[in-house]
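Data file: target_38.txt. Format and content: compact mmCIF, C-alpha atoms.
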```txt
# COMPACT_ATOMS: atom_id res chain seq x y z
CA MET X 15 -13.49 -14.95 5.80
CA VAL X 16 -12.99 -11.29 5.07
CA GLN X 17 -12.56 -10.44 1.38
CA PRO X 18 -8.82 -10.03 0.63
CA GLN X 19 -9.10 -6.39 -0.25
CA MET X 20 -7.39 -3.09 0.42
CA ALA X 21 -9.54 -0.11 -0.46
CA VAL X 22 -7.13 2.73 0.19
CA LEU X 23 -3.41 3.16 0.68
CA THR X 24 -2.79 6.53 2.31
CA LEU X 25 0.70 7.99 2.34
CA GLY X 26 1.54 10.73 4.82
CA ILE X 27 3.11 13.70 3.05
CA GLY X 28 4.63 17.04 3.98
CA ASP X 29 3.81 19.21 0.98
CA LEU X 30 0.85 18.48 -1.26
CA ALA X 31 2.03 20.62 -4.20
CA ARG X 32 5.41 18.88 -4.19
CA SER X 33 3.78 15.44 -4.15
CA ARG X 34 1.31 16.42 -6.87
CA ARG X 35 4.17 17.46 -9.12
CA PHE X 36 6.08 14.23 -8.55
CA TYR X 37 3.11 11.99 -9.30
CA ALA X 38 2.11 14.11 -12.32
CA GLU X 39 5.53 14.56 -13.89
CA GLY X 40 6.96 11.20 -12.89
CA PHE X 41 4.06 8.82 -13.43
CA GLY X 42 1.69 11.10 -15.34
CA TRP X 43 -1.13 10.49 -12.90
CA THR X 44 -4.01 12.91 -12.35
CA PRO X 45 -5.97 12.97 -9.09
CA VAL X 46 -9.66 12.12 -9.20
CA PHE X 47 -10.09 14.46 -6.23
CA GLU X 48 -8.01 17.00 -4.38
CA ASN X 49 -8.40 19.76 -1.86
CA GLU X 50 -5.83 21.64 0.22
CA GLU X 51 -4.84 18.62 2.31
CA ILE X 52 -5.45 15.47 0.30
CA ALA X 53 -5.24 14.06 -3.23
CA PHE X 54 -6.83 10.77 -4.34
CA TYR X 55 -5.78 8.69 -7.35
CA GLN X 56 -7.95 5.90 -8.76
CA MET X 57 -5.64 2.91 -9.03
CA ASN X 58 -6.16 -0.71 -10.15
CA GLY X 59 -8.92 -1.64 -7.76
CA PHE X 60 -8.05 0.67 -4.90
CA VAL X 61 -7.53 4.36 -4.17
CA LEU X 62 -4.12 5.91 -3.47
CA GLY X 63 -4.35 8.83 -1.08
CA LEU X 64 -1.73 11.48 -0.36
CA TRP X 65 -2.70 13.19 2.88
CA LEU X 66 -0.87 15.76 4.95
CA GLN X 67 0.84 13.70 7.61
CA GLN X 68 -0.49 15.76 10.50
CA ALA X 69 -4.07 15.11 9.40
CA LEU X 70 -3.39 11.40 8.90
CA GLU X 71 -1.83 11.19 12.35
CA ALA X 72 -4.82 12.94 13.93
CA ASP X 73 -7.18 10.53 12.17
CA MET X 74 -5.14 7.50 13.29
CA ARG X 75 -4.65 8.87 16.81
CA ARG X 76 -0.90 8.45 16.52
CA THR X 77 1.97 10.90 16.37
CA GLY X 78 5.53 10.72 15.13
CA LEU X 79 4.99 8.45 12.14
CA ALA X 80 8.41 7.94 10.59
CA ARG X 81 9.74 8.20 7.09
CA PRO X 82 11.07 6.10 5.50
CA GLY X 83 8.65 3.48 6.77
CA ALA X 84 9.25 -0.25 6.47
CA PHE X 85 7.37 -0.85 3.25
CA ALA X 86 7.61 -0.53 -0.50
CA LEU X 87 5.06 0.03 -3.24
CA ALA X 88 5.76 -1.60 -6.59
CA HIS X 89 4.69 -0.46 -10.01
CA ASN X 90 5.15 -3.20 -12.61
CA VAL X 91 5.87 -2.40 -16.22
CA ALA X 92 5.19 -4.60 -19.23
CA ARG X 93 8.73 -4.76 -20.63
CA GLN X 94 12.18 -4.95 -19.08
CA ASN X 95 13.39 -1.94 -21.04
CA GLU X 96 10.73 0.27 -19.45
CA VAL X 97 12.19 -0.03 -15.94
CA GLN X 98 15.19 2.28 -16.17
CA PRO X 99 13.51 5.09 -18.18
CA LEU X 100 10.70 5.26 -15.62
CA ILE X 101 13.21 5.35 -12.75
CA ASP X 102 15.03 8.18 -14.52
CA ARG X 103 11.80 10.08 -15.12
CA LEU X 104 10.78 9.72 -11.46
CA VAL X 105 14.16 11.03 -10.37
CA ALA X 106 13.85 13.97 -12.77
CA ALA X 107 10.41 14.67 -11.25
CA GLY X 108 11.85 15.06 -7.76
CA GLY X 109 12.35 11.48 -6.61
CA ARG X 110 15.55 10.06 -5.18
CA ARG X 111 17.34 7.15 -6.82
CA LEU X 112 17.76 4.25 -4.40
CA ARG X 113 18.77 1.49 -6.79
CA ASP X 114 19.01 1.49 -10.57
CA GLY X 115 17.40 -1.38 -12.42
CA ASP X 116 19.08 -4.77 -12.23
CA ALA X 117 18.08 -8.41 -11.99
CA PRO X 118 17.23 -9.78 -8.54
CA PRO X 119 17.88 -13.46 -7.64
CA HIS X 120 14.13 -14.14 -7.74
CA GLY X 121 13.88 -13.18 -11.42
CA GLY X 122 12.70 -10.22 -13.45
CA PHE X 123 14.29 -6.77 -13.28
CA ARG X 124 13.81 -3.93 -10.82
CA GLY X 125 15.04 -0.75 -9.21
CA TYR X 126 13.81 1.60 -6.48
CA VAL X 127 13.02 5.33 -6.25
CA ALA X 128 11.92 7.29 -3.19
CA ASP X 129 9.17 9.86 -3.65
CA PRO X 130 9.63 13.37 -2.19
CA ASP X 131 8.50 12.10 1.24
CA ASP X 132 10.90 9.15 1.14
CA HIS X 133 8.18 6.60 0.38
CA ALA X 134 9.79 3.92 -1.77
CA TRP X 135 8.50 2.79 -5.16
CA GLU X 136 9.94 -0.31 -6.73
CA ILE X 137 9.76 -0.20 -10.53
CA ALA X 138 9.68 -3.79 -11.70
CA TRP X 139 9.37 -6.02 -14.70
CA ASN X 140 8.07 -9.41 -13.64
CA PRO X 141 7.17 -11.53 -16.66
CA ALA X 142 5.74 -14.26 -14.41
CA TRP X 143 2.94 -12.06 -13.07
CA PRO X 144 0.33 -11.13 -15.67
CA ILE X 145 -1.14 -7.61 -15.73
CA ASP X 146 -4.56 -7.21 -17.34
CA ALA X 147 -5.90 -4.23 -19.28
CA GLU X 148 -7.15 -2.59 -16.08
CA GLY X 149 -3.75 -2.98 -14.44
CA ARG X 150 -4.74 -5.83 -12.16
CA VAL X 151 -1.87 -8.12 -11.24
CA THR X 152 -2.18 -11.86 -10.57
CA PHE X 153 0.29 -13.77 -8.46
CA ARG X 154 2.01 -16.73 -10.15
CA ALA X 155 4.60 -18.85 -8.36
CA MET Y 20 1.08 8.21 -19.20
CA VAL Y 21 1.95 5.30 -16.99
CA GLN Y 22 -1.00 3.08 -16.06
CA PRO Y 23 -2.18 4.06 -12.56
CA GLN Y 24 -1.32 0.75 -11.03
CA MET Y 25 0.41 -0.68 -7.99
CA ALA Y 26 1.37 -4.33 -8.42
CA VAL Y 27 2.72 -5.12 -4.98
CA LEU Y 28 2.62 -3.59 -1.53
CA THR Y 29 5.42 -5.11 0.54
CA LEU Y 30 5.42 -4.67 4.31
CA GLY Y 31 8.65 -5.20 6.23
CA ILE Y 32 8.09 -7.63 9.10
CA GLY Y 33 10.10 -9.05 11.98
CA ASP Y 34 8.58 -12.50 12.44
CA LEU Y 35 6.85 -14.30 9.60
CA ALA Y 36 4.99 -16.81 11.80
CA ARG Y 37 3.59 -14.01 13.94
CA SER Y 38 2.42 -12.09 10.87
CA ARG Y 39 0.93 -15.21 9.28
CA ARG Y 40 -1.13 -15.82 12.42
CA PHE Y 41 -2.40 -12.25 12.53
CA TYR Y 42 -3.50 -12.20 8.89
CA ALA Y 43 -5.02 -15.70 9.16
CA GLU Y 44 -6.84 -15.29 12.46
CA GLY Y 45 -7.72 -11.62 12.06
CA PHE Y 46 -8.69 -11.34 8.40
CA GLY Y 47 -8.93 -15.02 7.52
CA TRP Y 48 -6.50 -14.63 4.62
CA THR Y 49 -4.39 -17.48 3.22
CA PRO Y 50 -1.14 -16.84 1.35
CA VAL Y 51 -0.91 -17.87 -2.28
CA PHE Y 52 2.81 -18.43 -1.69
CA GLU Y 53 5.14 -18.56 1.27
CA ASN Y 54 8.65 -19.63 2.13
CA GLU Y 55 10.82 -18.94 5.20
CA GLU Y 56 11.13 -15.21 4.52
CA ILE Y 57 8.09 -14.04 2.56
CA ALA Y 58 4.34 -14.55 2.24
CA PHE Y 59 2.22 -13.28 -0.66
CA TYR Y 60 -1.54 -12.66 -0.61
CA GLN Y 61 -3.59 -12.17 -3.76
CA MET Y 62 -5.59 -9.00 -3.15
CA ASN Y 63 -8.07 -7.00 -5.24
CA GLY Y 64 -5.84 -6.38 -8.25
CA PHE Y 65 -2.48 -6.39 -6.52
CA VAL Y 66 -0.31 -8.63 -4.34
CA LEU Y 67 0.32 -7.97 -0.64
CA GLY Y 68 3.75 -9.16 0.44
CA LEU Y 69 5.05 -9.68 3.98
CA TRP Y 70 8.83 -9.87 3.77
CA LEU Y 71 11.45 -10.03 6.50
CA GLN Y 72 12.53 -6.44 6.89
CA GLN Y 73 16.24 -7.22 6.56
CA ALA Y 74 15.66 -8.83 3.16
CA LEU Y 75 13.46 -5.93 2.03
CA GLU Y 76 16.10 -3.44 3.11
CA ALA Y 77 18.83 -5.34 1.26
CA ASP Y 78 16.68 -5.38 -1.87
CA MET Y 79 15.93 -1.64 -1.58
CA ARG Y 80 19.53 -0.80 -0.65
CA ARG Y 81 18.36 1.03 2.45
CA THR Y 82 18.76 0.33 6.13
CA GLY Y 83 16.93 1.46 9.22
CA LEU Y 84 13.40 1.52 7.81
CA ALA Y 85 11.18 2.71 10.65
CA ARG Y 86 7.96 1.42 12.13
CA PRO Y 87 5.39 2.84 12.35
CA GLY Y 88 5.82 4.38 8.95
CA ALA Y 89 3.81 7.34 7.69
CA PHE Y 90 1.08 5.44 5.92
CA ALA Y 91 -2.13 3.52 6.46
CA LEU Y 92 -3.79 0.66 4.63
CA ALA Y 93 -7.58 0.62 4.61
CA HIS Y 94 -9.88 -2.36 4.38
CA ASN Y 95 -13.45 -1.30 3.61
CA VAL Y 96 -16.41 -3.30 4.81
CA ALA Y 97 -19.89 -3.36 3.31
CA ARG Y 98 -21.88 -2.35 6.40
CA GLN Y 99 -21.26 0.03 9.27
CA ASN Y 100 -21.89 -2.67 11.85
CA GLU Y 101 -19.00 -4.75 10.50
CA VAL Y 102 -16.34 -2.20 11.46
CA GLN Y 103 -16.10 -2.76 15.20
CA PRO Y 104 -16.30 -6.59 15.17
CA LEU Y 105 -13.45 -6.75 12.67
CA ILE Y 106 -11.37 -4.35 14.76
CA ASP Y 107 -12.01 -6.54 17.80
CA ARG Y 108 -11.08 -9.68 15.89
CA LEU Y 109 -7.84 -8.13 14.64
CA VAL Y 110 -6.96 -7.11 18.19
CA ALA Y 111 -7.71 -10.64 19.43
CA ALA Y 112 -5.41 -11.95 16.68
CA GLY Y 113 -2.45 -9.95 17.97
CA GLY Y 114 -3.10 -6.46 16.64
CA ARG Y 115 -3.07 -3.30 18.70
CA ARG Y 116 -6.12 -1.06 18.95
CA LEU Y 117 -5.35 2.49 17.82
CA ARG Y 118 -8.86 3.88 17.51
CA ASP Y 119 -12.22 2.20 17.92
CA GLY Y 120 -14.83 2.79 15.23
CA ASP Y 121 -16.46 6.20 15.08
CA ALA Y 122 -17.68 8.65 12.46
CA PRO Y 123 -15.07 10.96 10.88
CA PRO Y 124 -16.01 14.46 9.65
CA HIS Y 125 -15.70 13.30 6.03
CA GLY Y 126 -18.46 10.70 6.43
CA GLY Y 127 -18.75 6.97 6.93
CA PHE Y 128 -17.37 5.12 9.95
CA ARG Y 129 -13.85 3.91 10.74
CA GLY Y 130 -11.29 2.79 13.28
CA TYR Y 131 -7.62 1.77 13.21
CA VAL Y 132 -5.64 -1.31 14.27
CA ALA Y 133 -1.87 -1.84 14.08
CA ASP Y 134 -0.61 -5.23 12.93
CA PRO Y 135 2.14 -7.01 14.93
CA ASP Y 136 4.80 -4.89 13.16
CA ASP Y 137 2.95 -1.64 13.87
CA HIS Y 138 1.69 -1.25 10.31
CA ALA Y 139 -1.71 0.47 10.55
CA TRP Y 140 -4.92 -0.84 9.04
CA GLU Y 141 -7.94 1.41 8.90
CA ILE Y 142 -11.18 -0.56 8.99
CA ALA Y 143 -13.78 1.58 7.26
CA TRP Y 144 -17.33 1.71 6.07
CA ASN Y 145 -17.64 4.21 3.26
CA PRO Y 146 -21.06 4.01 1.61
CA ALA Y 147 -20.01 6.52 -1.08
CA TRP Y 148 -17.33 4.26 -2.55
CA PRO Y 149 -18.72 1.16 -4.26
CA ILE Y 150 -16.95 -2.21 -3.87
CA ASP Y 151 -17.53 -4.78 -6.61
CA ALA Y 152 -17.69 -8.56 -6.25
CA GLU Y 153 -13.90 -8.83 -6.69
CA GLY Y 154 -13.29 -6.24 -3.99
CA ARG Y 155 -12.34 -3.43 -6.33
CA VAL Y 156 -13.09 0.01 -4.96
CA THR Y 157 -14.07 3.03 -7.04
CA PHE Y 158 -13.53 6.58 -5.88
CA ARG Y 159 -16.63 8.78 -5.73
CA ALA Y 160 -16.47 12.36 -4.56
```
Could you show the structure in this file as structure tokens?
Amino acid sequence: MVQPQMAVLTLGIGDLARSRRFYAEGFGWTPVFENEEIAFYQMNGFVLGLWLQQALEADMRRTGLARPGAFALAHNVARQNEVQPLIDRLVAAGGRRLRDGDAPPHGGFRGYVADPDDHAWEIAWNPAWPIDAEGRVTFRA
Amino acid sequence: MVQPQMAVLTLGIGDLARSRRFYAEGFGWTPVFENEEIAFYQMNGFVLGLWLQQALEADMRRTGLARPGAFALAHNVARQNEVQPLIDRLVAAGGRRLRDGDAPPHGGFRGYVADPDDHAWEIAWNPAWPIDAEGRVTFRA
């Protein structure tokens, strides 16, 4: 059995300065490393990478990776009334509003924002899934 | 400042049984929850979701999400000689080989495999980035 672990999530981007601004002004996150083609953020147990798409494609030996891709990242907040202000702040920082916060059939509260490269972030309040002090999330049915 | 945290990574999929087989036979991972349209895996601090793409798109209020998308997930292994066997096992489990293991200019050793929905996994050995017993990875420059 391989440890259920993801070490890095790398998003292909078109403009590093534009992405840096969005993640700084929207989420308030500071990279732990950056150069002219990549920025790394230390997340809750893994590393988020923003890498110029051309370099990512060369590394993967693929071309023509599409945006928006068939995936979503979710950031969970601690209280329902934090969802909409964070969506609004992300939009003000250069994101695109996909869905304002409302209650899905499966419970909680959530909305979606696309980052400047059209990568989707869900902003969610899910009271059933605890978040510890280091931001680690535990699944509960 | 918003906690640098991702709670869920949701991948849009076309066939849940096919994905379940790949993640079970390739990585050896067992869902903590599943129904007819979604499977959740407890990862190192976050939850990996495999959700039928149509349902994900309805939730995001988007259509036409593309595969392969411009991103890569990375699973890091503890030793260089674990990279290629895991790539081979993932291919045997229904993945598609994108790049066999070799040494990138930035150090370490890595290759890439696409899952049955063309979502890319990098399989990497990166001796500079420690992994703790719970699979949490720390960035080191």
I'd like the contact shell of X:Glu96 - 12 Å cut-off, only C-alpha atoms, skipping same-chain residues fewer than 5 positions apart - returned as a VMD selection string. (chain X and resid 89 to 91 101 to 103 115 123 to 125 137 to 140) or (chain Y and resid 21)
Using all atoms listed in the file, which chain Y residues lie at most 6 Å away from chain X, written as a ChimeraX atom specification? /Y:20-21,23-31,46-47,62-65,84-95,154-156
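Taking atom CA of X:Glu51 and atom CA of X:Val105 as endpoints, the distance between them is 24.1 Å.
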Measure the distance from atom CA of X:Asp116 to atom CA of Y:Pro50 in Å and round it to one decimal. 27.2 Å
Chain Y superposed on chain X over all ordered C-alpha pairs, least squares: can you write that as a PDB file with C-alpha atoms, keeping the file's coordinate frame?
```pdb
ATOM      1  CA  MET Y  20     -13.451 -14.924   5.792  1.00  0.00           C
ATOM      2  CA  VAL Y  21     -12.955 -11.273   5.063  1.00  0.00           C
ATOM      3  CA  GLN Y  22     -12.554 -10.435   1.371  1.00  0.00           C
ATOM      4  CA  PRO Y  23      -8.826 -10.032   0.632  1.00  0.00           C
ATOM      5  CA  GLN Y  24      -9.101  -6.405  -0.263  1.00  0.00           C
ATOM      6  CA  MET Y  25      -7.390  -3.108   0.428  1.00  0.00           C
ATOM      7  CA  ALA Y  26      -9.554  -0.111  -0.447  1.00  0.00           C
ATOM      8  CA  VAL Y  27      -7.137   2.723   0.196  1.00  0.00           C
ATOM      9  CA  LEU Y  28      -3.417   3.157   0.669  1.00  0.00           C
ATOM     10  CA  THR Y  29      -2.800   6.531   2.304  1.00  0.00           C
ATOM     11  CA  LEU Y  30       0.703   7.992   2.331  1.00  0.00           C
ATOM     12  CA  GLY Y  31       1.543  10.729   4.821  1.00  0.00           C
ATOM     13  CA  ILE Y  32       3.101  13.701   3.033  1.00  0.00           C
ATOM     14  CA  GLY Y  33       4.623  17.037   3.982  1.00  0.00           C
ATOM     15  CA  ASP Y  34       3.799  19.216   0.983  1.00  0.00           C
ATOM     16  CA  LEU Y  35       0.843  18.474  -1.256  1.00  0.00           C
ATOM     17  CA  ALA Y  36       2.025  20.617  -4.191  1.00  0.00           C
ATOM     18  CA  ARG Y  37       5.400  18.888  -4.190  1.00  0.00           C
ATOM     19  CA  SER Y  38       3.771  15.450  -4.155  1.00  0.00           C
ATOM     20  CA  ARG Y  39       1.287  16.414  -6.871  1.00  0.00           C
ATOM     21  CA  ARG Y  40       4.167  17.469  -9.123  1.00  0.00           C
ATOM     22  CA  PHE Y  41       6.073  14.245  -8.543  1.00  0.00           C
ATOM     23  CA  TYR Y  42       3.109  11.989  -9.309  1.00  0.00           C
ATOM     24  CA  ALA Y  43       2.096  14.116 -12.323  1.00  0.00           C
ATOM     25  CA  GLU Y  44       5.519  14.576 -13.886  1.00  0.00           C
ATOM     26  CA  GLY Y  45       6.948  11.204 -12.892  1.00  0.00           C
ATOM     27  CA  PHE Y  46       4.042   8.821 -13.433  1.00  0.00           C
ATOM     28  CA  GLY Y  47       1.698  11.099 -15.353  1.00  0.00           C
ATOM     29  CA  TRP Y  48      -1.138  10.488 -12.893  1.00  0.00           C
ATOM     30  CA  THR Y  49      -4.021  12.919 -12.330  1.00  0.00           C
ATOM     31  CA  PRO Y  50      -5.998  12.968  -9.081  1.00  0.00           C
ATOM     32  CA  VAL Y  51      -9.682  12.125  -9.194  1.00  0.00           C
ATOM     33  CA  PHE Y  52     -10.116  14.467  -6.223  1.00  0.00           C
ATOM     34  CA  GLU Y  53      -8.017  16.999  -4.382  1.00  0.00           C
ATOM     35  CA  ASN Y  54      -8.399  19.766  -1.852  1.00  0.00           C
ATOM     36  CA  GLU Y  55      -5.813  21.656   0.234  1.00  0.00           C
ATOM     37  CA  GLU Y  56      -4.829  18.628   2.315  1.00  0.00           C
ATOM     38  CA  ILE Y  57      -5.458  15.467   0.298  1.00  0.00           C
ATOM     39  CA  ALA Y  58      -5.251  14.056  -3.222  1.00  0.00           C
ATOM     40  CA  PHE Y  59      -6.836  10.776  -4.338  1.00  0.00           C
ATOM     41  CA  TYR Y  60      -5.806   8.675  -7.347  1.00  0.00           C
ATOM     42  CA  GLN Y  61      -7.967   5.901  -8.761  1.00  0.00           C
ATOM     43  CA  MET Y  62      -5.658   2.899  -9.037  1.00  0.00           C
ATOM     44  CA  ASN Y  63      -6.143  -0.710 -10.161  1.00  0.00           C
ATOM     45  CA  GLY Y  64      -8.936  -1.636  -7.762  1.00  0.00           C
ATOM     46  CA  PHE Y  65      -8.060   0.672  -4.900  1.00  0.00           C
ATOM     47  CA  VAL Y  66      -7.543   4.370  -4.167  1.00  0.00           C
ATOM     48  CA  LEU Y  67      -4.124   5.906  -3.479  1.00  0.00           C
ATOM     49  CA  GLY Y  68      -4.350   8.834  -1.086  1.00  0.00           C
ATOM     50  CA  LEU Y  69      -1.718  11.488  -0.364  1.00  0.00           C
ATOM     51  CA  TRP Y  70      -2.704  13.193   2.875  1.00  0.00           C
ATOM     52  CA  LEU Y  71      -0.875  15.766   4.966  1.00  0.00           C
ATOM     53  CA  GLN Y  72       0.840  13.692   7.605  1.00  0.00           C
ATOM     54  CA  GLN Y  73      -0.497  15.759  10.507  1.00  0.00           C
ATOM     55  CA  ALA Y  74      -4.079  15.111   9.396  1.00  0.00           C
ATOM     56  CA  LEU Y  75      -3.379  11.397   8.900  1.00  0.00           C
ATOM     57  CA  GLU Y  76      -1.838  11.175  12.352  1.00  0.00           C
ATOM     58  CA  ALA Y  77      -4.816  12.941  13.933  1.00  0.00           C
ATOM     59  CA  ASP Y  78      -7.173  10.535  12.178  1.00  0.00           C
ATOM     60  CA  MET Y  79      -5.132   7.496  13.287  1.00  0.00           C
ATOM     61  CA  ARG Y  80      -4.630   8.881  16.802  1.00  0.00           C
ATOM     62  CA  ARG Y  81      -0.882   8.449  16.496  1.00  0.00           C
ATOM     63  CA  THR Y  82       1.965  10.911  16.336  1.00  0.00           C
ATOM     64  CA  GLY Y  83       5.522  10.719  15.118  1.00  0.00           C
ATOM     65  CA  LEU Y  84       4.981   8.450  12.115  1.00  0.00           C
ATOM     66  CA  ALA Y  85       8.419   7.922  10.595  1.00  0.00           C
ATOM     67  CA  ARG Y  86       9.763   8.194   7.082  1.00  0.00           C
ATOM     68  CA  PRO Y  87      11.068   6.089   5.491  1.00  0.00           C
ATOM     69  CA  GLY Y  88       8.679   3.485   6.766  1.00  0.00           C
ATOM     70  CA  ALA Y  89       9.255  -0.253   6.472  1.00  0.00           C
ATOM     71  CA  PHE Y  90       7.385  -0.848   3.256  1.00  0.00           C
ATOM     72  CA  ALA Y  91       7.625  -0.539  -0.503  1.00  0.00           C
ATOM     73  CA  LEU Y  92       5.076   0.038  -3.233  1.00  0.00           C
ATOM     74  CA  ALA Y  93       5.761  -1.606  -6.579  1.00  0.00           C
ATOM     75  CA  HIS Y  94       4.686  -0.456 -10.006  1.00  0.00           C
ATOM     76  CA  ASN Y  95       5.154  -3.199 -12.599  1.00  0.00           C
ATOM     77  CA  VAL Y  96       5.891  -2.404 -16.208  1.00  0.00           C
ATOM     78  CA  ALA Y  97       5.208  -4.602 -19.220  1.00  0.00           C
ATOM     79  CA  ARG Y  98       8.743  -4.774 -20.636  1.00  0.00           C
ATOM     80  CA  GLN Y  99      12.191  -4.947 -19.097  1.00  0.00           C
ATOM     81  CA  ASN Y 100      13.389  -1.938 -21.061  1.00  0.00           C
ATOM     82  CA  GLU Y 101      10.741   0.272 -19.449  1.00  0.00           C
ATOM     83  CA  VAL Y 102      12.199  -0.044 -15.945  1.00  0.00           C
ATOM     84  CA  GLN Y 103      15.191   2.270 -16.182  1.00  0.00           C
ATOM     85  CA  PRO Y 104      13.519   5.085 -18.180  1.00  0.00           C
ATOM     86  CA  LEU Y 105      10.713   5.268 -15.633  1.00  0.00           C
ATOM     87  CA  ILE Y 106      13.207   5.349 -12.765  1.00  0.00           C
ATOM     88  CA  ASP Y 107      15.035   8.184 -14.517  1.00  0.00           C
ATOM     89  CA  ARG Y 108      11.801  10.074 -15.103  1.00  0.00           C
ATOM     90  CA  LEU Y 109      10.770   9.722 -11.460  1.00  0.00           C
ATOM     91  CA  VAL Y 110      14.168  11.023 -10.374  1.00  0.00           C
ATOM     92  CA  ALA Y 111      13.847  13.972 -12.773  1.00  0.00           C
ATOM     93  CA  ALA Y 112      10.420  14.671 -11.244  1.00  0.00           C
ATOM     94  CA  GLY Y 113      11.870  15.062  -7.756  1.00  0.00           C
ATOM     95  CA  GLY Y 114      12.360  11.485  -6.600  1.00  0.00           C
ATOM     96  CA  ARG Y 115      15.551  10.073  -5.169  1.00  0.00           C
ATOM     97  CA  ARG Y 116      17.335   7.146  -6.792  1.00  0.00           C
ATOM     98  CA  LEU Y 117      17.757   4.242  -4.371  1.00  0.00           C
ATOM     99  CA  ARG Y 118      18.762   1.494  -6.776  1.00  0.00           C
ATOM    100  CA  ASP Y 119      19.022   1.492 -10.546  1.00  0.00           C
ATOM    101  CA  GLY Y 120      17.415  -1.385 -12.426  1.00  0.00           C
ATOM    102  CA  ASP Y 121      19.092  -4.770 -12.226  1.00  0.00           C
ATOM    103  CA  ALA Y 122      18.100  -8.420 -12.004  1.00  0.00           C
ATOM    104  CA  PRO Y 123      17.233  -9.785  -8.536  1.00  0.00           C
ATOM    105  CA  PRO Y 124      17.870 -13.450  -7.635  1.00  0.00           C
ATOM    106  CA  HIS Y 125      14.123 -14.154  -7.739  1.00  0.00           C
ATOM    107  CA  GLY Y 126      13.856 -13.196 -11.420  1.00  0.00           C
ATOM    108  CA  GLY Y 127      12.710 -10.245 -13.475  1.00  0.00           C
ATOM    109  CA  PHE Y 128      14.286  -6.791 -13.291  1.00  0.00           C
ATOM    110  CA  ARG Y 129      13.780  -3.946 -10.815  1.00  0.00           C
ATOM    111  CA  GLY Y 130      15.031  -0.759  -9.223  1.00  0.00           C
ATOM    112  CA  TYR Y 131      13.824   1.597  -6.483  1.00  0.00           C
ATOM    113  CA  VAL Y 132      13.025   5.318  -6.263  1.00  0.00           C
ATOM    114  CA  ALA Y 133      11.909   7.287  -3.196  1.00  0.00           C
ATOM    115  CA  ASP Y 134       9.170   9.875  -3.648  1.00  0.00           C
ATOM    116  CA  PRO Y 135       9.621  13.392  -2.178  1.00  0.00           C
ATOM    117  CA  ASP Y 136       8.494  12.103   1.253  1.00  0.00           C
ATOM    118  CA  ASP Y 137      10.897   9.153   1.141  1.00  0.00           C
ATOM    119  CA  HIS Y 138       8.183   6.606   0.393  1.00  0.00           C
ATOM    120  CA  ALA Y 139       9.795   3.917  -1.784  1.00  0.00           C
ATOM    121  CA  TRP Y 140       8.503   2.785  -5.154  1.00  0.00           C
ATOM    122  CA  GLU Y 141       9.943  -0.322  -6.727  1.00  0.00           C
ATOM    123  CA  ILE Y 142       9.771  -0.202 -10.514  1.00  0.00           C
ATOM    124  CA  ALA Y 143       9.687  -3.799 -11.694  1.00  0.00           C
ATOM    125  CA  TRP Y 144       9.374  -6.024 -14.692  1.00  0.00           C
ATOM    126  CA  ASN Y 145       8.064  -9.403 -13.637  1.00  0.00           C
ATOM    127  CA  PRO Y 146       7.177 -11.539 -16.655  1.00  0.00           C
ATOM    128  CA  ALA Y 147       5.720 -14.271 -14.408  1.00  0.00           C
ATOM    129  CA  TRP Y 148       2.927 -12.072 -13.060  1.00  0.00           C
ATOM    130  CA  PRO Y 149       0.327 -11.137 -15.673  1.00  0.00           C
ATOM    131  CA  ILE Y 150      -1.148  -7.607 -15.743  1.00  0.00           C
ATOM    132  CA  ASP Y 151      -4.573  -7.209 -17.343  1.00  0.00           C
ATOM    133  CA  ALA Y 152      -5.888  -4.229 -19.301  1.00  0.00           C
ATOM    134  CA  GLU Y 153      -7.113  -2.568 -16.081  1.00  0.00           C
ATOM    135  CA  GLY Y 154      -3.720  -2.986 -14.443  1.00  0.00           C
ATOM    136  CA  ARG Y 155      -4.719  -5.824 -12.157  1.00  0.00           C
ATOM    137  CA  VAL Y 156      -1.862  -8.121 -11.244  1.00  0.00           C
ATOM    138  CA  THR Y 157      -2.175 -11.842 -10.565  1.00  0.00           C
ATOM    139  CA  PHE Y 158       0.301 -13.756  -8.457  1.00  0.00           C
ATOM    140  CA  ARG Y 159       1.989 -16.722 -10.139  1.00  0.00           C
ATOM    141  CA  ALA Y 160       4.559 -18.821  -8.350  1.00  0.00           C
TER     142      ALA Y 160
END
```
As a PDB file, keeping the file's coordinate frame, please: stretch 42-48 of chain Y completed to N, CA and C atoms.
```
ATOM      1  N   TYR Y  42      -2.699 -12.344  10.105  1.00  0.00           N
ATOM      2  CA  TYR Y  42      -3.500 -12.200   8.890  1.00  0.00           C
ATOM      3  C   TYR Y  42      -4.468 -13.368   8.702  1.00  0.00           C
ATOM      4  N   ALA Y  43      -4.112 -14.549   9.246  1.00  0.00           N
ATOM      5  CA  ALA Y  43      -5.020 -15.700   9.160  1.00  0.00           C
ATOM      6  C   ALA Y  43      -6.161 -15.596  10.167  1.00  0.00           C
ATOM      7  N   GLU Y  44      -5.809 -15.293  11.413  1.00  0.00           N
ATOM      8  CA  GLU Y  44      -6.840 -15.290  12.460  1.00  0.00           C
ATOM      9  C   GLU Y  44      -7.638 -13.995  12.463  1.00  0.00           C
ATOM     10  N   GLY Y  45      -7.024 -12.905  12.061  1.00  0.00           N
ATOM     11  CA  GLY Y  45      -7.720 -11.620  12.060  1.00  0.00           C
ATOM     12  C   GLY Y  45      -8.576 -11.439  10.831  1.00  0.00           C
ATOM     13  N   PHE Y  46      -7.962 -11.557   9.656  1.00  0.00           N
ATOM     14  CA  PHE Y  46      -8.690 -11.340   8.400  1.00  0.00           C
ATOM     15  C   PHE Y  46      -9.192 -12.646   7.778  1.00  0.00           C
ATOM     16  N   GLY Y  47      -8.557 -13.761   8.150  1.00  0.00           N
ATOM     17  CA  GLY Y  47      -8.930 -15.020   7.520  1.00  0.00           C
ATOM     18  C   GLY Y  47      -8.285 -15.223   6.157  1.00  0.00           C
ATOM     19  N   TRP Y  48      -7.151 -14.569   5.927  1.00  0.00           N
ATOM     20  CA  TRP Y  48      -6.500 -14.630   4.620  1.00  0.00           C
ATOM     21  C   TRP Y  48      -5.441 -15.719   4.586  1.00  0.00           C
TER      22      TRP Y  48
END
```
